[in-house]
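Colleague: Structure incoming, see below.
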Amino acid sequence: MCTTCENLVDPKQIKLDEVIIKYRDENGPLIPILQEAQEIYGYLPADVLKHISKGLRMPLARIYGVVTFYSQFRLTPVGRNLINVCLGTACHVRGGAKVLETIEKGLKLKDGETTEDKRYTLEIVACIGACGLAPVMSINGQVYGRLEPESVPEILAKYE
Ligand code: FES
């Protein structure tokens, strides 16, 4: 085993430490730290939560309580393509549920799940700020509006 490698510091952990230091003396530091940690890692691995627990001197159980309470936090990694289907009021009224059903059936996925090949993760969201284009979904931040369920498979096929 390479002894030098043991001394390498994980750049993600350096960033995480910077985030912890930035917020730890503020009121209610946990949520912004978790949000930024999730941006760094893409989700919140157990080791990261332990590291935050140590950094804040906060019980790990309390951190898990917050992570599991808010749907914005993920404890498992997302697939290569994150599909957000909007079921906010405007999208719901204009057929968002049909769009969702098409994706669920086509990919055999439910909200929060990832395909076995890690190609797609599906998440239902409340509004992505494009209500005028309802019903709407986004894939990796690219917004698709005025969706018809029939057009969904063709859009999904673009994402490897
Ligand atoms: S309700 Fe769907 S984008 Fe606003």
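Following the order of the structure tokens, first chain is A, next is B, and so on, with residues numbered from 1 inside each chain and ligands from 1 in the order they appear.
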Check which residues fall inside 12 Å of ligand 1 when counting only C-alpha atoms and all ligand atoms, and print them as a ChimeraX atom specification.

Modeller: /A:84-97,99,124-138,143-147

Colleague: Find the residues near Arg80 of chain A: any atom within 10 Å, counting only C-alpha atoms, skip ones fewer than 6 places away on the same chain, and give them as a ChimeraX atom specification.

Modeller: /A:114-115,117-121,140,159-160

Colleague: Mind the document's chain letters and residue numbers, and return as a VMD selection string the residues of segment 3-133 of chain A that DSSP labels strand (DSSP E or B).

Modeller: chain A and resid 81 to 86 114 120 to 125

Colleague: Show which residues sit within 12 Å of Val66 of chain A, as a list in words. Count only C-alpha atoms, and ignore same-chain residues fewer than 3 positions away.

Modeller: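 That gives Gly28, Pro29, Leu30, Ile31, Pro32, Ile33, Leu34, Gln35, Leu44, Leu49, Met58, Pro59, Leu60, Ala61, Arg62, Ile63, Phe69, Tyr70, Ser71, Gln72, Phe73, Arg74 and Leu75 of chain A.
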
Colleague: If I take atom CA of Leu109 of chain A and atom CA of Ala37 of chain A, how far is one from the other in Å, to one decimal?

Modeller: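 Atom CA of Ala37 of chain A lies at a distance of 25.9 Å from atom CA of Leu109 of chain A.
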
Colleague: Of the residues A:Ile155, A:Ile103, A:Leu16, A:Ile83, which is the one nearest to Val48 of chain A, using only C-alpha atoms?

Modeller: A:Leu16

Colleague: Taking only chain A into account, list the residues labelled alpha helix (DSSP H) by DSSP (computed from the backbone), as a PyMOL selection string.

Modeller: chain A and resi 3-6+11-23+30-41+46-56+60-69+89-93+96-107+152-157

Colleague: Mind dumping the selected residues with C-alpha atoms as a PDB file, in the first residue's frame?

Modeller:
```pdb
ATOM      1  CA  THR A   3       2.125   5.209   2.426  1.00  0.00           C
ATOM      2  CA  THR A   4       2.028   8.641   0.796  1.00  0.00           C
ATOM      3  CA  CYS A   5      -1.597   8.114  -0.223  1.00  0.00           C
ATOM      4  CA  GLU A   6      -2.622   7.750   3.413  1.00  0.00           C
ATOM      5  CA  PRO A  11     -10.641  17.759  -1.057  1.00  0.00           C
ATOM      6  CA  LYS A  12     -14.344  17.271  -0.358  1.00  0.00           C
ATOM      7  CA  GLN A  13     -13.604  16.945   3.332  1.00  0.00           C
ATOM      8  CA  ILE A  14     -11.548  20.141   3.248  1.00  0.00           C
ATOM      9  CA  LYS A  15     -14.567  21.916   1.771  1.00  0.00           C
ATOM     10  CA  LEU A  16     -16.841  20.362   4.372  1.00  0.00           C
ATOM     11  CA  ASP A  17     -14.561  21.539   7.176  1.00  0.00           C
ATOM     12  CA  GLU A  18     -14.643  25.064   5.728  1.00  0.00           C
ATOM     13  CA  VAL A  19     -18.451  24.926   5.710  1.00  0.00           C
ATOM     14  CA  ILE A  20     -18.585  23.717   9.318  1.00  0.00           C
ATOM     15  CA  ILE A  21     -16.225  26.494  10.414  1.00  0.00           C
ATOM     16  CA  LYS A  22     -18.237  29.075   8.457  1.00  0.00           C
ATOM     17  CA  TYR A  23     -21.532  28.260  10.189  1.00  0.00           C
ATOM     18  CA  LEU A  30     -27.174  22.665  11.022  1.00  0.00           C
ATOM     19  CA  ILE A  31     -29.501  23.236   8.046  1.00  0.00           C
ATOM     20  CA  PRO A  32     -27.086  25.381   5.994  1.00  0.00           C
ATOM     21  CA  ILE A  33     -24.239  22.979   6.775  1.00  0.00           C
ATOM     22  CA  LEU A  34     -26.327  20.012   5.636  1.00  0.00           C
ATOM     23  CA  GLN A  35     -27.376  21.869   2.482  1.00  0.00           C
ATOM     24  CA  GLU A  36     -23.802  22.705   1.561  1.00  0.00           C
ATOM     25  CA  ALA A  37     -22.572  19.232   2.497  1.00  0.00           C
ATOM     26  CA  GLN A  38     -25.172  17.787   0.137  1.00  0.00           C
ATOM     27  CA  GLU A  39     -23.966  20.115  -2.618  1.00  0.00           C
ATOM     28  CA  ILE A  40     -20.412  18.877  -2.072  1.00  0.00           C
ATOM     29  CA  TYR A  41     -21.195  15.141  -1.933  1.00  0.00           C
ATOM     30  CA  ALA A  46     -23.180   8.416   7.034  1.00  0.00           C
ATOM     31  CA  ASP A  47     -19.504   9.365   7.441  1.00  0.00           C
ATOM     32  CA  VAL A  48     -20.267  12.963   6.513  1.00  0.00           C
ATOM     33  CA  LEU A  49     -23.044  13.154   9.092  1.00  0.00           C
ATOM     34  CA  LYS A  50     -20.652  11.750  11.719  1.00  0.00           C
ATOM     35  CA  HIS A  51     -18.079  14.357  10.736  1.00  0.00           C
ATOM     36  CA  ILE A  52     -20.647  17.150  11.064  1.00  0.00           C
ATOM     37  CA  SER A  53     -21.737  15.728  14.413  1.00  0.00           C
ATOM     38  CA  LYS A  54     -18.152  15.919  15.672  1.00  0.00           C
ATOM     39  CA  GLY A  55     -17.563  19.360  14.178  1.00  0.00           C
ATOM     40  CA  LEU A  56     -20.665  20.828  15.805  1.00  0.00           C
ATOM     41  CA  LEU A  60     -25.661  12.257  15.659  1.00  0.00           C
ATOM     42  CA  ALA A  61     -29.257  11.225  16.413  1.00  0.00           C
ATOM     43  CA  ARG A  62     -30.324  14.871  16.343  1.00  0.00           C
ATOM     44  CA  ILE A  63     -28.681  15.335  12.954  1.00  0.00           C
ATOM     45  CA  TYR A  64     -30.433  12.258  11.575  1.00  0.00           C
ATOM     46  CA  GLY A  65     -33.688  13.632  12.968  1.00  0.00           C
ATOM     47  CA  VAL A  66     -33.290  16.791  10.900  1.00  0.00           C
ATOM     48  CA  VAL A  67     -32.093  14.975   7.773  1.00  0.00           C
ATOM     49  CA  THR A  68     -35.024  12.584   7.783  1.00  0.00           C
ATOM     50  CA  PHE A  69     -37.548  15.343   8.560  1.00  0.00           C
ATOM     51  CA  THR A  89     -50.764  23.438  -7.861  1.00  0.00           C
ATOM     52  CA  ALA A  90     -50.369  24.717 -11.421  1.00  0.00           C
ATOM     53  CA  CYS A  91     -48.675  21.525 -12.587  1.00  0.00           C
ATOM     54  CA  HIS A  92     -51.113  19.308 -10.737  1.00  0.00           C
ATOM     55  CA  VAL A  93     -54.098  21.065 -12.328  1.00  0.00           C
ATOM     56  CA  GLY A  96     -48.570  16.680 -13.686  1.00  0.00           C
ATOM     57  CA  ALA A  97     -49.810  13.423 -12.166  1.00  0.00           C
ATOM     58  CA  LYS A  98     -50.062  11.842 -15.645  1.00  0.00           C
ATOM     59  CA  VAL A  99     -46.518  12.919 -16.436  1.00  0.00           C
ATOM     60  CA  LEU A 100     -45.366  11.399 -13.154  1.00  0.00           C
ATOM     61  CA  GLU A 101     -47.258   8.175 -13.814  1.00  0.00           C
ATOM     62  CA  THR A 102     -45.619   7.852 -17.227  1.00  0.00           C
ATOM     63  CA  ILE A 103     -42.163   8.189 -15.683  1.00  0.00           C
ATOM     64  CA  GLU A 104     -42.954   5.845 -12.789  1.00  0.00           C
ATOM     65  CA  LYS A 105     -44.218   3.143 -15.134  1.00  0.00           C
ATOM     66  CA  GLY A 106     -41.554   3.651 -17.787  1.00  0.00           C
ATOM     67  CA  LEU A 107     -38.619   3.580 -15.399  1.00  0.00           C
ATOM     68  CA  VAL A 152     -41.796  12.056 -21.883  1.00  0.00           C
ATOM     69  CA  PRO A 153     -40.079   8.824 -23.083  1.00  0.00           C
ATOM     70  CA  GLU A 154     -38.374  10.694 -25.913  1.00  0.00           C
ATOM     71  CA  ILE A 155     -37.034  13.302 -23.491  1.00  0.00           C
ATOM     72  CA  LEU A 156     -35.788  10.660 -21.046  1.00  0.00           C
ATOM     73  CA  ALA A 157     -33.998   8.797 -23.839  1.00  0.00           C
TER      74      ALA A 157
END
```

Colleague: Please, what distance in Å, to one decimal, runs between atom CA of Lys110 of chain A and atom CA of Val78 of chain A?

Modeller: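 Distance between the two atoms: 13.3 Å.
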
Colleague: Please measure the separation of atom CA of Thr76 of chain A and atom CA of Pro45 of chain A, giving the value in Å to one decimal.

Modeller: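 Calculated distance between atom CA of Thr76 of chain A and atom CA of Pro45 of chain A is 7.0 Å.
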